[in-house]
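For reference, the structure discussed in these notes is given below.
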Amino acid sequence: MPSILRGIAALIVAMLLLFAAQVRAADPAKFTVEQLDQMLAPIALFPDALLAQVLMATTYPKDVAEAVQWALANRSLKGDDAVKAVQDKPWDPSVQSLVAFPQVLAMLGEKPEWVNDLGDAFLGQPKEVMDSVQFLRARAKDVGNLSSNEQQIVTVEAAPPRPQTIVANAPPPPAQIITIAPANPQVVFVPIYNPVHVFGPWWHPLFPPFFFPPPPVWGFGWNPVATAIWWGVGIGVANALWGGVNWGRRDVNINVNRWNNINVNNRITSNDRNVNWNHNPGNRRGIPYRDAATRDRLQQTRIGDRGGRQDYRGREDQRAQARAALGDRIGAENLDRNALRDIDRSQIPQRPAAGSGTGARDRAAGIDRGQLQDRAAGIDRSQLQDRAANRDRTQAQDRAGNIDRSQVRDRAANVDRSQARDRAANIDRAQVQNRAANIDRGQVPSRSDSAARTNRDNALRGANDGRQTRQQIDRGNASQAAQRQAAQRQAAGNRQGNIARPAGGGGAAAQRLRN
C-alpha cells in the first residue's frame with residue numbers, strides 16, 4: 001500500500017512538472033493595441049525616415065545600449081560626422097545611424113526593456129505597429145499639435161483600400177495616411193514631447209504612455225513648459241537619414257544612394273533606388289526573440305534568402321576581411337577615406353598572394369615598369385643595333401670580300417688558266433690537224449657567227465650584275481691568254497712540220513672548253 005501511494009505521488013509530481021514546462025514553453029500573447037500605443041507614443045511624431053531607422057535599430061537592443069554609451073561620451077559629435085566615427089563598430093548600420101541624433105539615443109537609454117519590447121513588436125507585428133503610429137498621429141492632429149511649421153512638413157492623404165481580411169481584436173485600419181518629413185531635407189529636428197499633452201487625454205488608463213525627458217547629463221537644455229513640442233537644435237545631415245516608410249505596405253525601406261554614401265564599408269548592391277529592409281539575425285548578438293514563431297521565421301529567412309540579403313546588405317564577410325587585410329597593411333587608423341588619400345603608397349608593404357609568391361600588383365609593377373623597360377632598353381637599343389651592325393656591315397662585307405674577290409679570282413686563276421693550259425697541252429695535235437683538214441670551210445663563217453652571237457648574248461646576260469661581269473672579264477682574259485699560247489704552239493709546230501692549220505682553230509677549241 002505505501003508503495004502504491006508513493007507511485008501515485010510520483011506520477012502527480014511528473015504531471016505537474018510537465019504542465020509547468022508546457023506553460024513556460026508557450027509563446028507569450030501578442031502585444032495588445034493598448035500596449036502598442038503605449039510603446040509607440042514617444043516616437044510616433046518623428047519624421048518618417050527617422051522613425052523607420054529607430055524601429056530597425058530597436059531589433060538590436062545590445063547594439064543600442066553600446067551606442068548610447070558611445071554617444072554620451074562623444075556628445076560633441078552629431079550628424080554625418082558621428083556616423084562616420086562609428087564605422088568600425090560591430091553595430092548594425094541602423095544603430096550606427098542613430099549616433100547622428102543624440103536626443104534619440106538619450107531616450108532609448110532610459111528604459112532598456114522598452115527598447116526590447118519595441119523591437120519585438122516591430123519584428124512580430126509590423127503592420128499593427130504602423131497602424132498604431134497612424135492612429136497616434138491622427139489624435140495629435142485632431143487636438144491641434146501636429147501641423148507643418150519651420151521644422152517639419154505634415155501631409156495628409158487618403159489611405160489605400162485594405163484587403164477584406166478580418167483579424168480578431170485588431171483595431172480598425174486608419175482612414176488616412178499622415179506623413180512627416182523635415183522642412184529642410186538636410187536639417188533634422190527631433191521632437192521631444194510629453195505624450196499626455198500632445199495626444200490629448202490618454203484613452204488607455206491601464207497603459208499610460210511612456211515619457212522620457214532628456215536627462216540633464218546630456219546637456220540638451222530642455223524646457224518642459226515652453227510648448228507642447230520641444231524642437232531643440234536642428235542637426236545637419238547629408239546621408240545619415242536614409243530610412244523610409246511605405247505606408248501602403250506598412251513596412252520600412254532603405255534609400256540605397258544615401259545608405260552607400262554613409263556606410264562605405266557596408267554598401268548595398270542594387271540598381272533600385274529603394275530596397276526593403278530585412279532584419280539580420282546575425283547582428284542580434286545572442287538576444288533571444290520573444291516568440292518561437294518569429295525566431296523560426298527569421299532563421300528560415302536567413303537560410304533561404306542568404307544570397308538576396310547579401311545583395312541589399314552588401315557582402316559583409318568579404319568586406320570585413322578585405323578591410324582587416326588593408327588595416328594590416330596601412331594601419332587601422334588610416335582606413336578613413338581622407339587618410340587614404342594622403343598615404344605614401346611606396347611605404348605600403350607588398351602582400352604576396354597565396355601560392356604565387358607575388359600578387360598581381362607586384363607582378364604588374366615588376367614586369368610592366370622594371371623588366372619591360374630594361375628589356376626595351378637592352379634589346380631595342382643595344383642588341384638590335386649590334387645585330388644590325390654585325391650582320392649588315394660585317395657579314396655582308398665578309399661575304400662580298402670572300403666570295404666576290406677571292407673565290408672568283410681563285411676560280412678564274414685555277415680553273416680557266418691551269419685547266420685550259422693543261423687541256424690545250426694535252427690536245428692531240430694530229431686529231432686537230434685531221435679535223436681541220438676535214439672542215440668544210442664554207443661552214444666556218446656560220447659557226448663563227450653563231451659563236452659570236454652566243455658570246456654577245458652571254459656577255460649581255462650579266463650586264464646588270466657586277467659579280468657576273470667581273471667573272472666574265474676574268475674568264476675572257478684567261479681565254480685570250482690560252483688562245484695566245486695555243487697560237488704560239490701552233491706557230492711553232494707549223495714551222496717544224498710545215499703543216500698548214502686553218503686560222504681560228506685554237507679559238508674554237510677554247511670556246512668548246514668554256515661551254
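Residue names in the C-alpha cells use chain letters A, B, ... in the order shown, residue numbers from 1 in each chain, and ligand numbers from 1 in the order shown.
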- Message: Which residues are close to Pro161 in chain A, i.e. within 12 Å by only C-alpha atoms, leaving aside same-chain residues fewer than 6 positions away? Reply as a ChimeraX atom specification.
- Response: /A:173-177,247-249
- Which polymer residues have any atom within 10 Å of an atom of Val190 in chain A, counting only C-alpha atoms, with same-chain residues fewer than 5 positions away left out, as a PyMOL selection string? chain A and resi 43+45-47+50+101-104+151-152+182+229-235
Would you save the residues from that selection as a compact mmCIF listing (two decimals), in the first residue's frame, using all heavy atoms?
```txt
# COMPACT_ATOMS: atom_id res chain seq x y z
N ILE A 43 7.65 58.07 -29.99
CA ILE A 43 8.34 58.24 -31.28
C ILE A 43 7.38 58.39 -32.45
O ILE A 43 7.84 58.56 -33.59
CB ILE A 43 9.28 57.04 -31.55
CG1 ILE A 43 8.48 55.75 -31.68
CG2 ILE A 43 10.33 56.91 -30.47
CD1 ILE A 43 9.32 54.54 -32.12
N LEU A 45 5.64 60.77 -33.56
CA LEU A 45 5.70 62.05 -34.27
C LEU A 45 7.08 62.35 -34.85
O LEU A 45 7.33 63.46 -35.30
CB LEU A 45 5.26 63.19 -33.34
CG LEU A 45 3.85 63.06 -32.74
CD1 LEU A 45 3.48 64.32 -31.96
CD2 LEU A 45 2.82 62.77 -33.82
N PHE A 46 7.97 61.38 -34.85
CA PHE A 46 9.27 61.54 -35.51
C PHE A 46 9.06 61.62 -37.03
O PHE A 46 8.09 61.06 -37.57
CB PHE A 46 10.19 60.38 -35.19
CG PHE A 46 10.82 60.42 -33.82
CD1 PHE A 46 10.46 61.39 -32.89
CD2 PHE A 46 11.78 59.49 -33.45
CE1 PHE A 46 11.03 61.43 -31.63
CE2 PHE A 46 12.36 59.52 -32.19
CZ PHE A 46 11.99 60.49 -31.28
N PRO A 47 9.95 62.30 -37.76
CA PRO A 47 9.88 62.23 -39.23
C PRO A 47 9.91 60.77 -39.71
O PRO A 47 10.53 59.91 -39.07
CB PRO A 47 11.13 62.99 -39.68
CG PRO A 47 11.46 63.89 -38.54
CD PRO A 47 11.06 63.16 -37.30
N LEU A 50 13.34 59.00 -39.86
CA LEU A 50 13.93 58.75 -38.55
C LEU A 50 13.14 57.68 -37.80
O LEU A 50 13.75 56.82 -37.12
CB LEU A 50 13.98 60.04 -37.74
CG LEU A 50 14.60 59.96 -36.35
CD1 LEU A 50 16.02 59.43 -36.42
CD2 LEU A 50 14.56 61.32 -35.66
N PHE A 101 21.88 61.47 -33.97
CA PHE A 101 20.79 62.15 -33.26
C PHE A 101 20.88 61.81 -31.77
O PHE A 101 20.22 60.87 -31.29
CB PHE A 101 19.45 61.72 -33.83
CG PHE A 101 19.39 61.77 -35.34
CD1 PHE A 101 19.56 60.62 -36.10
CD2 PHE A 101 19.20 62.97 -35.99
CE1 PHE A 101 19.52 60.66 -37.48
CE2 PHE A 101 19.15 63.03 -37.38
CZ PHE A 101 19.32 61.87 -38.13
N PRO A 102 21.71 62.51 -31.02
CA PRO A 102 21.90 62.18 -29.60
C PRO A 102 20.62 62.21 -28.78
O PRO A 102 20.48 61.43 -27.82
CB PRO A 102 22.89 63.24 -29.12
CG PRO A 102 23.58 63.73 -30.36
CD PRO A 102 22.56 63.64 -31.44
N GLN A 103 19.65 63.08 -29.13
CA GLN A 103 18.40 63.12 -28.37
C GLN A 103 17.67 61.79 -28.42
O GLN A 103 17.05 61.37 -27.44
CB GLN A 103 17.48 64.23 -28.91
CG GLN A 103 18.05 65.63 -28.81
CD GLN A 103 18.70 66.06 -30.10
OE1 GLN A 103 19.39 65.26 -30.75
NE2 GLN A 103 18.51 67.32 -30.47
N VAL A 104 17.74 61.12 -29.57
CA VAL A 104 17.06 59.83 -29.72
C VAL A 104 17.74 58.78 -28.84
O VAL A 104 17.07 58.01 -28.14
CB VAL A 104 17.06 59.40 -31.20
CG1 VAL A 104 16.44 58.01 -31.34
CG2 VAL A 104 16.29 60.41 -32.04
N GLN A 151 9.99 73.48 -38.85
CA GLN A 151 10.79 72.27 -38.62
C GLN A 151 10.33 71.07 -39.45
O GLN A 151 11.13 70.18 -39.73
CB GLN A 151 10.74 71.87 -37.14
CG GLN A 151 11.43 72.83 -36.21
CD GLN A 151 10.58 74.03 -35.86
OE1 GLN A 151 9.34 73.99 -36.01
NE2 GLN A 151 11.20 75.12 -35.41
N GLN A 152 9.07 71.01 -39.86
CA GLN A 152 8.56 69.80 -40.48
C GLN A 152 7.45 70.14 -41.49
O GLN A 152 6.86 71.22 -41.45
CB GLN A 152 8.00 68.84 -39.44
CG GLN A 152 6.81 69.39 -38.68
CD GLN A 152 6.33 68.48 -37.57
OE1 GLN A 152 6.98 67.48 -37.25
NE2 GLN A 152 5.21 68.80 -36.96
N PRO A 182 11.19 66.35 -42.80
CA PRO A 182 11.86 67.60 -42.42
C PRO A 182 11.55 68.71 -43.43
O PRO A 182 11.50 68.45 -44.64
CB PRO A 182 13.34 67.22 -42.41
CG PRO A 182 13.37 65.73 -42.28
CD PRO A 182 12.16 65.24 -42.99
N ILE A 229 5.57 70.73 -27.92
CA ILE A 229 6.70 70.01 -28.54
C ILE A 229 7.95 70.88 -28.43
O ILE A 229 7.93 72.07 -28.78
CB ILE A 229 6.40 69.68 -30.01
CG1 ILE A 229 5.19 68.75 -30.13
CG2 ILE A 229 7.63 69.04 -30.66
CD1 ILE A 229 4.81 68.42 -31.55
N TRP A 230 9.01 70.31 -27.92
CA TRP A 230 10.31 70.99 -27.84
C TRP A 230 11.18 70.50 -28.99
O TRP A 230 11.41 69.29 -29.14
CB TRP A 230 10.97 70.71 -26.50
CG TRP A 230 12.31 71.36 -26.35
CD1 TRP A 230 12.56 72.68 -26.14
CD2 TRP A 230 13.59 70.70 -26.40
NE1 TRP A 230 13.91 72.90 -26.05
CE2 TRP A 230 14.57 71.70 -26.20
CE3 TRP A 230 14.00 69.38 -26.57
CZ2 TRP A 230 15.92 71.42 -26.19
CZ3 TRP A 230 15.35 69.10 -26.55
CH2 TRP A 230 16.31 70.11 -26.37
N TRP A 231 11.66 71.44 -29.81
CA TRP A 231 12.38 71.04 -31.01
C TRP A 231 13.89 71.00 -30.82
O TRP A 231 14.59 70.28 -31.53
CB TRP A 231 12.05 72.01 -32.15
CG TRP A 231 10.61 71.91 -32.58
CD1 TRP A 231 9.61 72.77 -32.26
CD2 TRP A 231 10.04 70.87 -33.36
NE1 TRP A 231 8.43 72.34 -32.79
CE2 TRP A 231 8.66 71.17 -33.49
CE3 TRP A 231 10.53 69.73 -33.97
CZ2 TRP A 231 7.79 70.37 -34.20
CZ3 TRP A 231 9.66 68.93 -34.68
CH2 TRP A 231 8.30 69.24 -34.79
N GLY A 232 14.40 71.74 -29.89
CA GLY A 232 15.85 71.73 -29.71
C GLY A 232 16.57 72.35 -30.89
O GLY A 232 16.05 73.24 -31.58
N VAL A 233 17.78 71.90 -31.15
CA VAL A 233 18.63 72.43 -32.21
C VAL A 233 18.59 71.49 -33.40
O VAL A 233 18.68 70.27 -33.24
CB VAL A 233 20.08 72.61 -31.71
CG1 VAL A 233 20.97 73.14 -32.84
CG2 VAL A 233 20.11 73.54 -30.51
N GLY A 234 18.44 72.06 -34.59
CA GLY A 234 18.46 71.24 -35.79
C GLY A 234 19.81 70.58 -36.02
O GLY A 234 20.86 71.14 -35.72
N ILE A 235 19.79 69.37 -36.54
CA ILE A 235 21.00 68.58 -36.78
C ILE A 235 21.21 68.49 -38.29
O ILE A 235 20.34 68.00 -39.03
CB ILE A 235 20.89 67.18 -36.17
CG1 ILE A 235 20.72 67.29 -34.65
CG2 ILE A 235 22.11 66.34 -36.52
CD1 ILE A 235 20.45 65.97 -33.97
```
- Here CA of Tyr193 in chain A and CA of Val237 in chain A stand apart by 22.3 Å
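Here CA of Val115 in chain A stands at a distance of 22.4 Å from CA of Val188 in chain A.
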- Message: DSSP on the backbone: which residues in range 197-309 of chain A end up as helix (DSSP H, G or I)? Give the answer as a PyMOL selection string.
- Response: chain A and resi 197-198+216-218+256-262+281-283+292-304+306-309
Print the selection's residues with N, CA, C and O atoms to a file, as a compact mmCIF listing (two decimals), in the first residue's frame.
```
# COMPACT_ATOMS: atom_id res chain seq x y z
N HIS A 197 0.18 65.31 -23.07
CA HIS A 197 -0.22 66.64 -23.53
C HIS A 197 -0.45 66.68 -25.05
O HIS A 197 -1.39 67.32 -25.53
N VAL A 198 0.41 66.01 -25.79
CA VAL A 198 0.37 66.12 -27.25
C VAL A 198 -0.82 65.38 -27.84
O VAL A 198 -1.46 65.84 -28.79
N PRO A 216 19.48 65.45 -17.73
CA PRO A 216 20.35 66.64 -17.64
C PRO A 216 21.79 66.36 -18.01
O PRO A 216 22.50 67.27 -18.47
N VAL A 217 22.27 65.10 -17.80
CA VAL A 217 23.66 64.80 -18.08
C VAL A 217 24.01 64.98 -19.56
O VAL A 217 25.17 65.23 -19.90
N TRP A 218 23.01 64.92 -20.42
CA TRP A 218 23.27 65.11 -21.84
C TRP A 218 23.44 66.58 -22.21
O TRP A 218 24.00 66.90 -23.26
N VAL A 256 19.02 53.61 -51.16
CA VAL A 256 20.30 52.98 -51.45
C VAL A 256 21.42 54.01 -51.59
O VAL A 256 22.53 53.82 -51.07
N ASN A 257 21.17 55.11 -52.28
CA ASN A 257 22.23 56.09 -52.50
C ASN A 257 22.73 56.68 -51.19
O ASN A 257 23.94 56.78 -50.95
N ARG A 258 21.80 57.10 -50.34
CA ARG A 258 22.23 57.69 -49.07
C ARG A 258 22.91 56.66 -48.19
O ARG A 258 23.90 56.95 -47.51
N TRP A 259 22.36 55.45 -48.17
CA TRP A 259 22.98 54.37 -47.37
C TRP A 259 24.43 54.16 -47.81
O TRP A 259 25.34 54.10 -46.98
N ASN A 260 24.65 54.01 -49.10
CA ASN A 260 26.00 53.73 -49.59
C ASN A 260 26.95 54.90 -49.36
O ASN A 260 28.16 54.70 -49.17
N ASN A 261 26.43 56.12 -49.39
CA ASN A 261 27.30 57.28 -49.18
C ASN A 261 27.81 57.37 -47.75
O ASN A 261 28.90 57.90 -47.51
N ILE A 262 27.04 56.87 -46.79
CA ILE A 262 27.46 56.96 -45.38
C ILE A 262 28.04 55.65 -44.87
O ILE A 262 28.93 55.64 -44.04
N PRO A 281 19.46 38.47 -38.41
CA PRO A 281 19.64 37.75 -37.14
C PRO A 281 21.09 37.66 -36.69
O PRO A 281 21.37 37.50 -35.50
N GLY A 282 22.04 37.77 -37.64
CA GLY A 282 23.44 37.71 -37.26
C GLY A 282 23.88 38.86 -36.38
O GLY A 282 24.88 38.75 -35.65
N ASN A 283 23.17 39.99 -36.42
CA ASN A 283 23.51 41.14 -35.58
C ASN A 283 22.73 41.16 -34.27
O ASN A 283 22.86 42.13 -33.50
N ALA A 292 8.62 31.86 -30.51
CA ALA A 292 9.24 30.88 -31.41
C ALA A 292 8.86 31.13 -32.86
O ALA A 292 9.67 30.87 -33.77
N ALA A 293 7.67 31.63 -33.10
CA ALA A 293 7.24 31.86 -34.49
C ALA A 293 8.14 32.89 -35.16
O ALA A 293 8.57 32.69 -36.31
N THR A 294 8.42 33.97 -34.45
CA THR A 294 9.31 34.99 -35.03
C THR A 294 10.70 34.44 -35.23
O THR A 294 11.35 34.67 -36.26
N ARG A 295 11.20 33.71 -34.23
CA ARG A 295 12.54 33.15 -34.33
C ARG A 295 12.64 32.21 -35.53
O ARG A 295 13.58 32.29 -36.33
N ASP A 296 11.67 31.31 -35.69
CA ASP A 296 11.73 30.35 -36.79
C ASP A 296 11.62 31.06 -38.14
O ASP A 296 12.32 30.70 -39.10
N ARG A 297 10.76 32.04 -38.22
CA ARG A 297 10.59 32.75 -39.49
C ARG A 297 11.88 33.48 -39.90
O ARG A 297 12.29 33.42 -41.06
N LEU A 298 12.50 34.15 -38.95
CA LEU A 298 13.70 34.90 -39.29
C LEU A 298 14.88 33.98 -39.59
O LEU A 298 15.68 34.25 -40.49
N GLN A 299 15.00 32.90 -38.83
CA GLN A 299 16.08 31.96 -39.10
C GLN A 299 15.89 31.29 -40.45
O GLN A 299 16.86 31.08 -41.20
N GLN A 300 14.66 30.94 -40.79
CA GLN A 300 14.41 30.32 -42.09
C GLN A 300 14.69 31.30 -43.22
O GLN A 300 15.23 30.94 -44.26
N THR A 301 14.31 32.55 -42.99
CA THR A 301 14.60 33.58 -44.00
C THR A 301 16.09 33.75 -44.18
O THR A 301 16.59 33.91 -45.30
N ARG A 302 16.82 33.65 -43.10
CA ARG A 302 18.27 33.82 -43.18
C ARG A 302 18.91 32.70 -43.98
O ARG A 302 19.83 32.92 -44.77
N ILE A 303 18.37 31.47 -43.81
CA ILE A 303 18.94 30.33 -44.54
C ILE A 303 18.50 30.35 -45.99
O ILE A 303 19.29 30.15 -46.91
N GLY A 304 17.21 30.61 -46.23
CA GLY A 304 16.67 30.51 -47.58
C GLY A 304 16.98 31.69 -48.45
O GLY A 304 16.96 31.58 -49.68
N ARG A 306 19.80 33.85 -48.13
CA ARG A 306 21.12 34.38 -47.78
C ARG A 306 21.72 35.17 -48.93
O ARG A 306 22.29 36.23 -48.73
N GLY A 307 21.54 34.65 -50.15
CA GLY A 307 22.07 35.39 -51.29
C GLY A 307 21.40 36.72 -51.49
O GLY A 307 22.03 37.73 -51.76
N GLY A 308 20.06 36.77 -51.35
CA GLY A 308 19.36 38.02 -51.50
C GLY A 308 19.74 39.03 -50.44
O GLY A 308 19.85 40.23 -50.71
N ARG A 309 19.95 38.58 -49.22
CA ARG A 309 20.33 39.51 -48.16
C ARG A 309 21.69 40.12 -48.45
O ARG A 309 21.93 41.28 -48.19
```
